[in-house]
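Asks: My structure file input27.cif, mmCIF, C-alpha atoms, is below:
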```cif
data_protein
loop_
_atom_site.label_atom_id
_atom_site.label_comp_id
_atom_site.auth_asym_id
_atom_site.auth_seq_id
_atom_site.Cartn_x
_atom_site.Cartn_y
_atom_site.Cartn_z
CA MET L 1 73.06 -0.88 37.42
CA ALA L 2 70.09 1.42 37.35
CA ASP L 3 68.60 -0.81 34.74
CA ASN L 4 69.12 -3.90 36.83
CA LYS L 5 67.40 -2.30 39.74
CA GLN L 6 64.51 -1.32 37.55
CA MET L 7 64.19 -4.84 36.21
CA VAL L 8 64.06 -6.21 39.72
CA CYS L 9 61.43 -3.67 40.63
CA MET L 10 59.20 -4.63 37.80
CA THR L 11 59.35 -8.37 37.95
CA CYS L 12 59.42 -9.26 41.62
CA GLU L 13 57.35 -6.48 43.08
CA PRO L 14 54.81 -8.86 44.68
CA LYS L 15 57.60 -10.24 46.88
CA GLY L 16 57.86 -6.80 48.40
CA LEU L 17 61.25 -5.60 47.22
CA CYS L 18 59.85 -2.18 46.53
CA GLY L 19 56.14 -2.73 46.57
CA GLY L 20 53.97 0.17 47.64
CA LYS L 21 56.81 2.64 47.53
CA GLY L 22 55.19 5.39 45.56
CA LEU L 23 58.02 7.85 45.92
CA LEU L 24 60.57 5.45 44.49
CA THR L 25 58.25 4.66 41.59
CA LEU L 26 57.80 8.35 40.96
CA LYS L 27 61.53 8.93 40.96
CA GLU L 28 62.21 5.96 38.72
CA GLY L 29 59.72 7.08 36.10
CA ALA L 30 60.37 10.77 36.09
CA TRP L 31 64.12 10.80 36.60
CA ALA L 32 66.25 7.68 36.85
CA ASN L 33 64.45 5.87 34.06
CA ASN L 34 63.00 8.84 32.23
CA PRO L 35 61.09 7.45 29.24
CA LEU L 36 62.47 10.05 26.82
CA ALA L 37 65.92 10.92 28.08
CA ILE L 38 67.03 7.51 29.34
CA GLN L 39 64.91 4.93 27.55
CA VAL L 40 64.56 7.11 24.44
CA LEU L 41 60.97 6.04 23.82
CA GLY L 42 58.22 8.06 22.21
CA ILE L 43 60.59 10.42 20.43
CA CYS L 44 58.39 10.64 17.34
CA SER L 45 55.93 12.96 19.01
CA ALA L 46 58.71 14.62 20.98
CA LEU L 47 60.28 15.70 17.70
CA ALA L 48 57.06 16.65 15.99
CA VAL L 49 55.18 18.86 18.43
CA THR L 50 57.98 20.66 20.27
CA ASN L 51 58.30 23.64 17.92
CA ARG L 52 56.22 25.65 20.40
CA LEU L 53 56.28 25.51 24.19
CA GLU L 54 52.48 25.61 24.37
CA ASN L 55 52.16 22.58 22.08
CA SER L 56 54.71 20.71 24.18
CA LEU L 57 52.83 21.44 27.40
CA VAL L 58 49.49 20.26 26.02
CA MET L 59 51.09 17.15 24.56
CA GLY L 60 52.70 16.44 27.93
CA ALA L 61 49.36 16.89 29.68
CA ALA L 62 47.77 14.51 27.17
CA LEU L 63 50.36 11.85 27.87
CA ILE L 64 50.01 12.22 31.64
CA PHE L 65 46.23 11.86 31.35
CA VAL L 66 46.45 8.81 29.08
CA CYS L 67 49.23 7.16 31.08
CA VAL L 68 47.51 7.58 34.44
CA GLY L 69 44.13 6.51 33.09
CA SER L 70 45.30 3.49 31.16
CA ASN L 71 47.63 2.33 33.93
CA LEU L 72 44.76 2.54 36.43
CA LEU L 73 42.33 0.59 34.26
CA VAL L 74 44.85 -2.02 33.17
CA SER L 75 45.84 -2.51 36.79
CA LEU L 76 42.23 -2.77 37.99
CA LEU L 77 41.50 -5.37 35.33
CA ARG L 78 44.82 -7.21 35.65
CA LYS L 79 43.37 -10.17 37.53
CA VAL L 80 40.40 -10.74 35.24
CA THR L 81 42.12 -10.09 31.92
CA PRO L 82 42.92 -13.32 30.04
CA TYR L 83 46.70 -13.42 29.60
CA ARG L 84 46.72 -13.87 25.82
CA PHE L 85 44.15 -11.13 25.39
CA ARG L 86 45.97 -8.57 27.51
CA MET L 87 47.65 -6.60 24.72
CA ILE L 88 44.43 -6.11 22.79
CA ALA L 89 42.76 -5.02 26.00
CA GLU L 90 45.59 -2.56 26.72
CA VAL L 91 45.37 -1.03 23.27
CA ALA L 92 41.58 -0.71 23.53
CA ILE L 93 41.87 1.02 26.90
CA ILE L 94 44.66 3.33 25.73
CA ALA L 95 42.78 4.21 22.55
CA THR L 96 39.69 5.09 24.58
CA PHE L 97 41.59 7.56 26.74
CA VAL L 98 43.40 9.08 23.78
CA ILE L 99 40.18 9.65 21.84
CA LEU L 100 38.55 11.14 24.93
CA PHE L 101 41.36 13.67 25.20
CA ASP L 102 41.28 14.38 21.47
CA GLN L 103 37.52 15.03 21.54
CA PHE L 104 37.96 17.29 24.54
CA LEU L 105 40.63 19.33 22.73
CA LYS L 106 38.53 19.59 19.59
CA ALA L 107 35.57 20.86 21.57
CA PHE L 108 37.23 23.28 23.97
CA TYR L 109 40.72 24.05 22.67
CA TRP L 110 40.15 24.20 18.96
CA ASP L 111 43.27 26.17 18.09
CA MET L 112 45.48 23.78 20.01
CA SER L 113 43.79 20.80 18.42
CA LYS L 114 44.49 22.26 15.00
CA GLN L 115 48.15 22.77 15.79
CA LEU L 116 48.74 19.32 17.23
CA GLY L 117 46.91 17.75 14.31
CA PRO L 118 47.26 13.99 14.19
CA TYR L 119 49.79 13.77 17.01
CA VAL L 120 47.20 13.55 19.78
CA GLY L 121 45.63 10.52 18.09
CA LEU L 122 49.06 9.02 17.59
CA ILE L 123 49.56 8.80 21.36
CA ILE L 124 47.81 5.44 20.95
CA THR L 125 51.00 4.17 19.32
CA ASN L 126 53.32 5.85 21.81
CA CYS L 127 55.54 3.13 23.22
CA ILE L 128 55.67 4.78 26.63
CA VAL L 129 51.97 4.27 27.30
CA MET L 130 51.76 0.66 26.29
CA GLY L 131 55.18 -0.02 27.77
CA ARG L 132 54.03 1.13 31.20
CA ALA L 133 50.77 -0.81 30.97
CA GLU L 134 52.58 -3.97 29.96
CA ALA L 135 55.63 -3.64 32.21
CA PHE L 136 54.14 -2.09 35.31
CA ALA L 137 50.36 -1.92 35.55
CA LEU L 138 49.92 -5.62 34.82
CA GLN L 139 51.93 -6.56 37.92
CA ASN L 140 51.08 -3.78 40.34
CA PRO L 141 48.10 -2.55 42.35
CA PRO L 142 46.00 0.34 40.95
CA VAL L 143 47.24 3.25 43.05
CA LEU L 144 50.90 2.43 42.54
CA SER L 145 50.21 2.00 38.83
CA MET L 146 48.67 5.46 38.71
CA VAL L 147 51.78 6.84 40.38
CA ASP L 148 53.88 5.09 37.77
CA GLY L 149 51.73 6.51 34.97
CA LEU L 150 52.03 9.98 36.48
CA ALA L 151 55.78 9.61 36.88
CA ASN L 152 56.38 8.53 33.31
CA GLY L 153 53.94 11.09 31.95
CA LEU L 154 55.74 13.77 33.94
CA GLY L 155 59.12 12.54 32.77
CA TYR L 156 57.93 12.83 29.18
CA ALA L 157 56.21 16.18 29.73
CA VAL L 158 59.20 17.81 31.40
CA VAL L 159 61.62 16.80 28.65
CA LEU L 160 59.10 17.96 26.04
CA ALA L 161 58.71 21.29 27.80
CA ILE L 162 62.48 21.80 27.92
CA ILE L 163 62.84 21.06 24.20
CA GLY L 164 59.80 23.18 23.37
CA PHE L 165 61.13 26.07 25.43
CA PHE L 166 64.46 26.22 23.62
CA ARG L 167 63.06 25.53 20.16
CA GLU L 168 60.54 28.33 20.49
CA LEU L 169 63.05 30.69 22.09
CA LEU L 170 65.71 30.13 19.42
CA GLY L 171 63.42 29.39 16.48
CA ALA L 172 60.86 32.13 16.93
CA GLY L 173 62.45 34.41 19.52
CA GLU L 174 59.35 34.10 21.66
CA ILE L 175 58.02 32.17 24.63
CA LEU L 176 54.40 31.02 24.63
CA GLY L 177 53.85 33.28 21.63
CA ARG L 178 54.95 36.38 23.54
CA GLU L 179 58.07 38.43 23.09
CA VAL L 180 60.78 38.01 25.65
CA PRO L 181 61.88 41.35 27.10
CA GLY L 182 65.51 42.10 26.38
CA PHE L 183 65.84 39.18 24.00
CA SER L 184 63.34 39.34 21.14
CA SER L 185 64.41 42.85 20.21
CA TRP L 186 67.91 41.92 19.06
CA TYR L 187 67.65 38.19 18.41
CA THR L 188 67.18 37.01 14.83
CA PRO L 189 65.10 33.82 14.91
CA ASN L 190 66.86 30.78 13.56
CA GLN L 191 64.33 28.94 11.41
CA LEU L 192 66.33 25.73 11.67
CA MET L 193 65.16 25.27 15.25
CA ILE L 194 61.52 25.18 14.14
CA LEU L 195 62.19 22.64 11.40
CA ALA L 196 62.83 18.94 11.88
CA PRO L 197 66.66 19.13 12.15
CA GLY L 198 66.32 21.57 15.05
CA ALA L 199 64.18 19.00 16.85
CA PHE L 200 66.87 16.36 16.46
CA PHE L 201 69.61 18.69 17.68
CA ALA L 202 67.55 19.81 20.66
CA LEU L 203 66.50 16.29 21.65
CA GLY L 204 70.05 14.99 21.28
CA ILE L 205 71.47 17.76 23.41
CA VAL L 206 68.80 17.33 26.08
CA ILE L 207 69.37 13.56 26.24
CA GLY L 208 73.11 14.19 26.45
CA ILE L 209 72.83 16.70 29.27
CA PHE L 210 70.33 14.50 31.10
CA ASN L 211 72.69 11.54 31.05
CA TRP L 212 75.66 13.71 31.90
CA ILE L 213 73.94 15.06 35.04
CA LYS L 214 72.67 11.65 36.01
CA GLY L 215 76.10 10.15 35.50
CA PRO L 216 76.96 6.54 34.82
CA GLU L 217 76.21 5.47 38.38
CA PRO L 218 72.64 5.25 39.66
CA GLU L 219 71.64 7.27 42.67
CA GLU L 220 72.22 5.02 45.64
CA LYS L 221 70.67 7.02 48.45
CA LYS L 222 67.19 5.52 48.30
CA MET C 223 36.99 -24.24 25.58
CA LYS C 224 35.81 -22.56 28.72
CA ASN C 225 38.81 -20.30 28.37
CA ASN C 226 37.79 -19.23 24.88
CA VAL C 227 34.29 -18.39 25.97
CA TYR C 228 35.63 -16.29 28.80
CA THR C 229 38.03 -14.44 26.50
CA LEU C 230 35.23 -13.71 24.05
CA PHE C 231 33.00 -12.56 26.86
CA TYR C 232 35.74 -10.32 28.24
CA ALA C 233 36.41 -8.84 24.80
CA GLY C 234 32.72 -8.16 24.32
CA VAL C 235 32.30 -6.43 27.67
CA LEU C 236 35.48 -4.35 27.32
CA GLY C 237 34.61 -3.35 23.77
CA THR C 238 31.09 -2.38 24.72
CA VAL C 239 32.19 -0.30 27.70
CA CYS C 240 34.86 1.50 25.65
CA SER C 241 32.53 2.24 22.77
CA LEU C 242 29.78 3.45 25.09
CA LEU C 243 32.25 5.82 26.73
CA LEU C 244 33.42 7.16 23.38
CA THR C 245 29.88 7.54 22.05
CA ALA C 246 28.92 9.50 25.13
CA ALA C 247 31.98 11.73 24.79
CA ALA C 248 31.42 12.27 21.07
CA SER C 249 27.77 13.19 21.40
CA PHE C 250 28.50 15.45 24.36
CA THR C 251 31.21 17.40 22.52
CA LYS C 252 29.56 17.38 19.08
CA PRO C 253 27.78 20.76 19.33
CA TYR C 254 31.02 22.40 20.54
CA GLN C 255 33.07 20.84 17.77
CA GLN C 256 30.60 21.87 15.08
CA ALA C 257 30.48 25.41 16.42
CA ASN C 258 34.28 25.50 16.33
CA ALA C 259 34.43 24.34 12.72
CA GLU C 260 31.75 26.85 11.71
CA ALA C 261 33.46 29.65 13.61
CA GLU C 262 36.78 28.77 12.02
CA LYS C 263 35.34 29.27 8.55
CA ASN C 264 33.56 32.44 9.61
CA ARG C 265 36.70 33.80 11.21
CA ASN C 266 38.57 33.38 7.94
CA ILE C 267 35.88 35.06 5.89
CA LEU C 268 35.61 37.92 8.38
CA GLY C 269 39.37 38.32 8.41
CA VAL C 270 39.80 38.41 4.67
CA LEU C 271 36.86 40.82 4.27
CA HIS C 272 38.40 43.12 6.90
CA VAL C 273 35.27 43.01 9.01
CA PRO C 274 36.26 44.35 12.40
CA TYR C 275 35.65 41.87 15.19
CA PRO C 276 37.04 41.53 18.72
CA ALA C 277 40.02 39.18 18.81
CA GLU C 278 38.77 37.33 21.87
CA SER C 279 35.38 36.46 20.36
CA SER C 280 33.97 33.07 21.28
CA SER C 281 32.67 30.70 18.62
CA GLN C 282 29.08 31.78 19.20
CA GLU C 283 29.92 35.47 18.99
CA LEU C 284 31.83 34.93 15.76
CA VAL C 285 28.87 33.17 14.17
CA LYS C 286 26.65 36.10 15.16
CA ILE C 287 29.04 38.77 13.87
CA TYR C 288 29.29 36.82 10.65
CA LYS C 289 25.51 36.63 10.24
CA ASP C 290 25.13 40.34 10.93
CA ASN C 291 27.76 41.50 8.47
CA VAL C 292 28.22 39.05 5.63
CA ARG C 293 25.76 38.27 2.86
CA GLN C 294 26.16 35.18 0.74
CA GLU C 295 25.45 35.55 -2.95
CA GLN C 296 25.41 33.09 -5.79
CA LYS C 297 26.33 34.30 -9.24
CA GLY C 298 26.27 31.41 -11.65
CA GLU C 299 28.92 28.99 -10.44
CA LEU C 300 30.50 31.57 -8.22
CA LYS C 301 29.73 31.73 -4.50
CA MET C 302 30.50 35.14 -3.09
CA TYR C 303 30.58 36.58 0.40
CA ARG C 304 29.78 40.28 0.45
CA TYR C 305 30.47 42.66 3.31
CA VAL C 306 28.53 45.90 3.18
CA PRO C 307 29.72 48.03 6.08
CA PRO C 308 27.56 50.60 7.83
CA LYS C 309 27.89 54.00 6.12
CA ASP C 310 29.62 55.80 8.98
CA SER C 311 32.18 53.08 9.71
CA GLY C 312 34.62 54.14 7.00
CA ASN C 313 35.14 50.55 5.90
CA GLU C 314 34.89 49.61 2.27
CA GLU C 315 32.54 47.17 0.67
CA THR C 316 34.40 43.93 0.04
CA VAL C 317 33.63 40.70 -1.75
CA ALA C 318 35.32 37.37 -0.99
CA VAL C 319 35.47 34.26 -3.14
CA GLY C 320 36.60 30.84 -1.98
CA PHE C 321 39.28 28.94 -3.84
CA GLU C 322 40.86 25.54 -3.44
CA GLY C 323 43.21 23.16 -5.16
CA PRO C 324 45.96 20.64 -4.58
CA GLY C 325 49.03 21.88 -2.75
CA LEU C 326 52.31 20.01 -2.51
CA TRP C 327 51.26 17.67 0.32
CA GLY C 328 47.51 18.07 0.57
CA PRO C 329 44.56 20.24 -0.34
CA VAL C 330 44.92 23.99 0.04
CA LYS C 331 41.78 26.05 0.65
CA GLY C 332 41.38 29.75 1.13
CA PHE C 333 39.55 32.96 0.37
CA LEU C 334 40.37 35.82 -1.97
CA ALA C 335 38.86 39.18 -1.09
CA LEU C 336 38.36 41.94 -3.66
CA ASP C 337 37.26 45.55 -3.70
CA LYS C 338 33.87 46.52 -5.02
CA ASP C 339 35.41 46.96 -8.49
CA MET C 340 36.22 43.22 -8.48
CA ARG C 341 39.75 43.97 -9.66
CA THR C 342 41.81 45.02 -6.67
CA ILE C 343 42.76 42.45 -4.04
CA ARG C 344 41.87 43.29 -0.46
CA GLY C 345 43.32 40.18 1.06
CA VAL C 346 44.13 36.50 0.75
CA THR C 347 43.86 33.85 3.44
CA PHE C 348 44.40 30.11 3.60
CA TYR C 349 42.28 28.24 6.09
CA GLU C 350 43.40 24.76 5.22
CA GLN C 351 46.89 23.75 4.14
CA GLU C 352 49.45 21.08 4.96
CA GLU C 353 52.49 22.55 3.24
CA THR C 354 56.00 22.09 4.62
CA PRO C 355 56.34 24.13 7.82
CA GLY C 356 58.83 26.95 7.35
CA LEU C 357 58.79 26.64 3.56
CA GLY C 358 55.47 26.17 1.76
CA GLY C 359 53.73 26.56 5.10
CA GLU C 360 54.74 30.22 4.96
CA ILE C 361 51.71 30.83 2.72
CA ALA C 362 49.82 31.00 6.00
CA ALA C 363 52.20 33.68 7.31
CA SER C 364 51.08 37.28 7.30
CA TRP C 365 54.11 38.62 5.38
CA PHE C 366 53.17 36.46 2.40
CA GLN C 367 49.46 37.22 2.53
CA GLU C 368 49.95 40.95 3.05
CA GLN C 369 51.81 41.19 -0.26
CA PHE C 370 48.54 40.59 -2.08
CA VAL C 371 46.78 43.60 -0.59
CA GLY C 372 46.34 46.28 -3.25
CA LYS C 373 47.48 44.07 -6.12
CA SER C 374 45.36 43.69 -9.22
CA ILE C 375 43.94 40.44 -10.54
CA VAL C 376 44.57 41.57 -14.12
CA ASP C 377 47.84 42.62 -15.72
CA GLN C 378 48.42 45.99 -17.40
CA ALA C 379 46.89 44.70 -20.65
CA GLY C 380 43.78 43.55 -18.80
CA ASN C 381 44.45 39.82 -18.97
CA PRO C 382 43.30 38.00 -15.84
CA GLY C 383 45.91 36.27 -13.71
CA ILE C 384 48.23 36.81 -10.77
CA ILE C 385 51.91 35.94 -10.79
CA ILE C 386 53.73 34.50 -7.77
CA SER C 387 57.36 34.62 -8.80
CA SER C 388 60.78 35.36 -7.41
CA SER C 389 61.92 37.01 -10.65
CA GLU C 390 62.98 40.64 -10.68
CA GLY C 391 60.66 43.44 -11.66
CA GLN C 392 57.43 44.88 -10.45
CA ALA C 393 53.96 44.46 -11.87
CA PRO C 394 50.54 45.33 -10.53
CA ASN C 395 49.65 41.64 -10.51
CA LYS C 396 52.90 40.16 -9.20
CA VAL C 397 53.89 39.12 -5.68
CA ASP C 398 57.14 37.61 -4.42
CA ALA C 399 57.33 33.84 -4.15
CA ILE C 400 58.71 31.99 -1.13
CA SER C 401 62.31 30.79 -1.46
CA GLY C 402 62.46 27.00 -1.25
CA ALA C 403 58.75 26.62 -1.88
CA THR C 404 58.51 26.81 -5.65
CA MET C 405 56.11 23.88 -5.91
CA THR C 406 53.69 25.31 -3.37
CA CYS C 407 53.85 28.77 -4.94
CA ASP C 408 53.18 27.39 -8.43
CA LYS C 409 50.21 25.44 -7.17
CA VAL C 410 48.82 28.36 -5.19
CA GLN C 411 49.23 30.57 -8.24
CA ALA C 412 47.32 28.02 -10.33
CA MET C 413 44.40 27.77 -7.93
CA LEU C 414 44.21 31.54 -7.48
CA ASN C 415 44.18 32.05 -11.23
CA GLU C 416 41.40 29.54 -11.62
CA ALA C 417 39.30 31.51 -9.15
CA ILE C 418 40.31 34.80 -10.80
CA LYS C 419 39.31 33.44 -14.19
CA SER C 420 35.83 32.59 -13.00
CA ILE C 421 35.49 35.99 -11.28
CA VAL C 422 36.41 37.84 -14.46
CA GLU C 423 34.13 35.64 -16.58
CA GLU C 424 31.26 36.09 -14.19
CA LYS C 425 31.58 39.84 -14.26
CA GLN C 426 31.34 40.10 -18.02
#
```
Can you give me the file's structure in the form of structure tokens?
Replies:
Amino acid sequence: MADNKQMVCMTCEPKGLCGGKGLLTLKEGAWANNPLAIQVLGICSALAVTNRLENSLVMGAALIFVCVGSNLLVSLLRKVTPYRFRMIAEVAIIATFVILFDQFLKAFYWDMSKQLGPYVGLIITNCIVMGRAEAFALQNPPVLSMVDGLANGLGYAVVLAIIGFFRELLGAGEILGREVPGFSSWYTPNQLMILAPGAFFALGIVIGIFNWIKGPEPEEKK
Amino acid sequence: MKNNVYTLFYAGVLGTVCSLLLTAAASFTKPYQQANAEAEKNRNILGVLHVPYPAESSSQELVKIYKDNVRQEQKGELKMYRYVPPKDSGNEETVAVGFEGPGLWGPVKGFLALDKDMRTIRGVTFYEQEETPGLGGEIAASWFQEQFVGKSIVDQAGNPGIIISSSEGQAPNKVDAISGATMTCDKVQAMLNEAIKSIVEEKQ
């Protein structure tokens, strides 16, 4: 039912079913239709960079920046973009924002850039970004599209941060590279959590818990 | 037809705007990026030579510390980085040599630092490697690199070569390998021995 509601939102927004309702858009993106936990999109990067909380946070920030920026531009240009050219235009816009962020990291956060390696550049291929441009920004006004980009970026970033937190805690016995008082002293780090299988376990558990809390029924209050 | 012209026009404008933006960003950040890459290399050389430097140094400071302390020398084919500490500092003169070779997944590059006698290892560092995280990637971990400190690059009979092996027994030129990373260890051993060979040849 949540999905139906979302579909309605996306396709008939101009008729005013939920047009202009920023808060609802925010909630949809970040919670009810969370790109990672509910739609299970963009898990490639979510598995790859979450071995440290710091990496996860920067990756989340990158996705928020790219999502907000590309949604805004795609939305601004939505009335002048030729329909059959729209996907190429979206990719060009997304790529521009991703490279901007990558250059910024390389110049001012060199260590982080080294750790994230190719995964910043690979945001270009992240289905969340193009999905939001195609499904939302093309039909909605700029400000609402930015809210949608922010919501989905946040949804991604929060899940990434949760996974990163537990993988670093259990895999390295640290948080943000620092020892945790009362924990690091006796805990023996489990290397599995740093390696790829740990990422799958963590993501699976997080998705499970997310859906369990959310329940089968959508939230009806709003 | 009119449609096609418009699409082409749109593509041209969008492409131009995007590329202008990226060019501006690239040329704005270029000096910072180059300084970072330079500092990264310097940081590795300083580290392996045991040159004391503040941990929070910025890229510019690192480049300066490097220039003040490290002399580059060329002996035949061999490029060496020599650290001659001030007399009262208590630090020892150290020489570093770069080495590189293929790892399991990609190129591995690093520095090997030796005492003044050119026989005893002062340190090993890898500044570029793409080995499997948690397995071969452990060559970048301090426990692996610290094993090399104090080891000799020649065996008891004086033959050049270092051994990275998980077999039992101690030797002045043997360090423990990483479990589950035999390929990486073999390749690292090969590239180290190549560098060691040229060091020993150059000294004679």
Asks: Show me, as a PyMOL selection string, every residue of chain C with an atom at most 8 Å from chain L, counting only C-alpha atoms.
Replies: chain C and resi 228-229+232-233+236-237+240-241+243-244+247-248+251-252+254-255+258+355-356
Asks: Taking all atoms listed in the file into account, name the residue in L:Gly164, L:Gly208, L:Pro118, L:Pro216 that is nearest to Met193 (chain L).
Replies: L:Gly164
Asks: For this structure, which residues satisfy the selection - the PyMOL selection byres ((chain C and resi 319) around 8) - when it is evaluated on the file as given? I want them as number ranges by chain.
Replies: C: 300-303, 317-318, 320-321, 333-335, 417
Asks: What are the centre and edge lengths in Å, to one decimal, of the axis-aligned box around all listed atoms of region 130-139 of chain L with 6 Å added on each side, as AutoDock Vina command-line options?
Replies:
```
--center_x 52.8 --center_y -2.7 --center_z 32.1 --size_x 17.7 --size_y 19.7 --size_z 23.6
```
Asks: If you measure from CA of Ile361 (chain C) to CA of Ser388 (chain C), what distance in Å do you get, rounded to one decimal?
Replies: 14.3 Å
Asks: What's the 10 Å shell around region 121-128 of chain L, counting only C-alpha atoms, without same-chain residues fewer than 4 positions away, as a ChimeraX atom specification?
Replies: /L:35-36,39-45,59,62-63,66-67,91-103,116-117,132-134,149,152-153,156
Asks: For the atom pair CA of Leu176 (chain L) and CA of Phe366 (chain C), what is the interatomic distance in Å to one decimal place?
Replies: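 Computing it gives 22.9 Å between the two atoms.
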Asks: For this structure, which residues satisfy the selection - the PyMOL selection byres ((chain C and resi 326) around 6) - when it is evaluated on the file as given? I want them as a list in words.
Replies: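 Selected by the PyMOL selection byres ((chain C and resi 326) around 6) here: Gly325, Trp327 and Thr406 of chain C.
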Asks: What would the list of residues within 6 Å of (44.9, 37.1, -9.2) (file frame) look like as a list in words, if all atoms listed in the file are what count?
Replies: Ile375, Gly383, Ile384, Leu414, Asn415 and Ile418 of chain C
Asks: Please measure the separation of CA of Gly372 (chain C) and CA of Gly269 (chain C), giving the value in Å to one decimal.
Replies: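 About the pair CA of Gly372 (chain C) and CA of Gly269 (chain C): they are 15.7 Å apart.
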Asks: Please write the residues picked by the PyMOL selection byres ((chain L and resi 169) around 9) on this file as a ChimeraX atom specification.
Replies: /L:52-53,164-168,170-175,180,184,189,193
Asks: Would you write out those residues with C-alpha atoms, as a PDB file, in the coordinates of the input?
Replies:
```pdb
ATOM      1  CA  ARG L  52      56.220  25.650  20.400  1.00  0.00           C
ATOM      2  CA  LEU L  53      56.280  25.510  24.190  1.00  0.00           C
ATOM      3  CA  GLY L 164      59.800  23.180  23.370  1.00  0.00           C
ATOM      4  CA  PHE L 165      61.130  26.070  25.430  1.00  0.00           C
ATOM      5  CA  PHE L 166      64.460  26.220  23.620  1.00  0.00           C
ATOM      6  CA  ARG L 167      63.060  25.530  20.160  1.00  0.00           C
ATOM      7  CA  GLU L 168      60.540  28.330  20.490  1.00  0.00           C
ATOM      8  CA  LEU L 170      65.710  30.130  19.420  1.00  0.00           C
ATOM      9  CA  GLY L 171      63.420  29.390  16.480  1.00  0.00           C
ATOM     10  CA  ALA L 172      60.860  32.130  16.930  1.00  0.00           C
ATOM     11  CA  GLY L 173      62.450  34.410  19.520  1.00  0.00           C
ATOM     12  CA  GLU L 174      59.350  34.100  21.660  1.00  0.00           C
ATOM     13  CA  ILE L 175      58.020  32.170  24.630  1.00  0.00           C
ATOM     14  CA  VAL L 180      60.780  38.010  25.650  1.00  0.00           C
ATOM     15  CA  SER L 184      63.340  39.340  21.140  1.00  0.00           C
ATOM     16  CA  PRO L 189      65.100  33.820  14.910  1.00  0.00           C
ATOM     17  CA  MET L 193      65.160  25.270  15.250  1.00  0.00           C
TER      18      MET L 193
END
```
Asks: Which is closer to Gln139 (chain L) than all the others in L:Ser113, L:Val74, L:Ala32, L:Pro197, using all atoms listed in the file?
Replies: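 Among L:Ser113, L:Val74, L:Ala32, L:Pro197, it is L:Val74 that comes nearest to Gln139 (chain L).
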Asks: Return the single residue from L:Ser185, L:Met87, L:Asp148, L:Ile207 that is closest to Ile64 (chain L), with distances computed using all atoms listed in the file.
Replies: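 Residue with the minimum atom-to-atom distance to Ile64 (chain L): L:Asp148.
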Asks: So which one's closest to Asn33 (chain L), L:Phe200, L:Glu90, L:Glu179, L:Leu154? Using all atoms listed in the file, please.
Replies: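 Ranking L:Phe200, L:Glu90, L:Glu179, L:Leu154 by distance to Asn33 (chain L), first place goes to L:Leu154.
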Asks: Neighbouring residues of Val273 (chain C) were defined as those with any atom within 12 Å, considering all atoms listed in the file; residues of the same chain fewer than 2 positions away were excluded. Please report them as a PyMOL selection string.
Replies: chain C and resi 264-271+275-277+284+287-292+303-308+311-318+335+344-345
Asks: Export C-alpha atoms of the chosen residues as an mmCIF file, in the coordinates of the input?
Replies:
```cif
data_model
loop_
_atom_site.group_PDB
_atom_site.id
_atom_site.type_symbol
_atom_site.label_atom_id
_atom_site.label_comp_id
_atom_site.auth_asym_id
_atom_site.auth_seq_id
_atom_site.Cartn_x
_atom_site.Cartn_y
_atom_site.Cartn_z
ATOM 1 C CA ASN C 264 33.560 32.440 9.610
ATOM 2 C CA ARG C 265 36.700 33.800 11.210
ATOM 3 C CA ASN C 266 38.570 33.380 7.940
ATOM 4 C CA ILE C 267 35.880 35.060 5.890
ATOM 5 C CA LEU C 268 35.610 37.920 8.380
ATOM 6 C CA GLY C 269 39.370 38.320 8.410
ATOM 7 C CA VAL C 270 39.800 38.410 4.670
ATOM 8 C CA LEU C 271 36.860 40.820 4.270
ATOM 9 C CA TYR C 275 35.650 41.870 15.190
ATOM 10 C CA PRO C 276 37.040 41.530 18.720
ATOM 11 C CA ALA C 277 40.020 39.180 18.810
ATOM 12 C CA LEU C 284 31.830 34.930 15.760
ATOM 13 C CA ILE C 287 29.040 38.770 13.870
ATOM 14 C CA TYR C 288 29.290 36.820 10.650
ATOM 15 C CA LYS C 289 25.510 36.630 10.240
ATOM 16 C CA ASP C 290 25.130 40.340 10.930
ATOM 17 C CA ASN C 291 27.760 41.500 8.470
ATOM 18 C CA VAL C 292 28.220 39.050 5.630
ATOM 19 C CA TYR C 303 30.580 36.580 0.400
ATOM 20 C CA ARG C 304 29.780 40.280 0.450
ATOM 21 C CA TYR C 305 30.470 42.660 3.310
ATOM 22 C CA VAL C 306 28.530 45.900 3.180
ATOM 23 C CA PRO C 307 29.720 48.030 6.080
ATOM 24 C CA PRO C 308 27.560 50.600 7.830
ATOM 25 C CA SER C 311 32.180 53.080 9.710
ATOM 26 C CA GLY C 312 34.620 54.140 7.000
ATOM 27 C CA ASN C 313 35.140 50.550 5.900
ATOM 28 C CA GLU C 314 34.890 49.610 2.270
ATOM 29 C CA GLU C 315 32.540 47.170 0.670
ATOM 30 C CA THR C 316 34.400 43.930 0.040
ATOM 31 C CA VAL C 317 33.630 40.700 -1.750
ATOM 32 C CA ALA C 318 35.320 37.370 -0.990
ATOM 33 C CA ALA C 335 38.860 39.180 -1.090
ATOM 34 C CA ARG C 344 41.870 43.290 -0.460
ATOM 35 C CA GLY C 345 43.320 40.180 1.060
#
```
Asks: In terms of the shortest atom-to-atom distance over all atoms listed in the file, which of C:Lys286, C:Lys297, C:Lys224, C:Lys309 is closest to Glu424 (chain C)?
Replies: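 Ranked by minimum distance to Glu424 (chain C), first place goes to C:Lys297.
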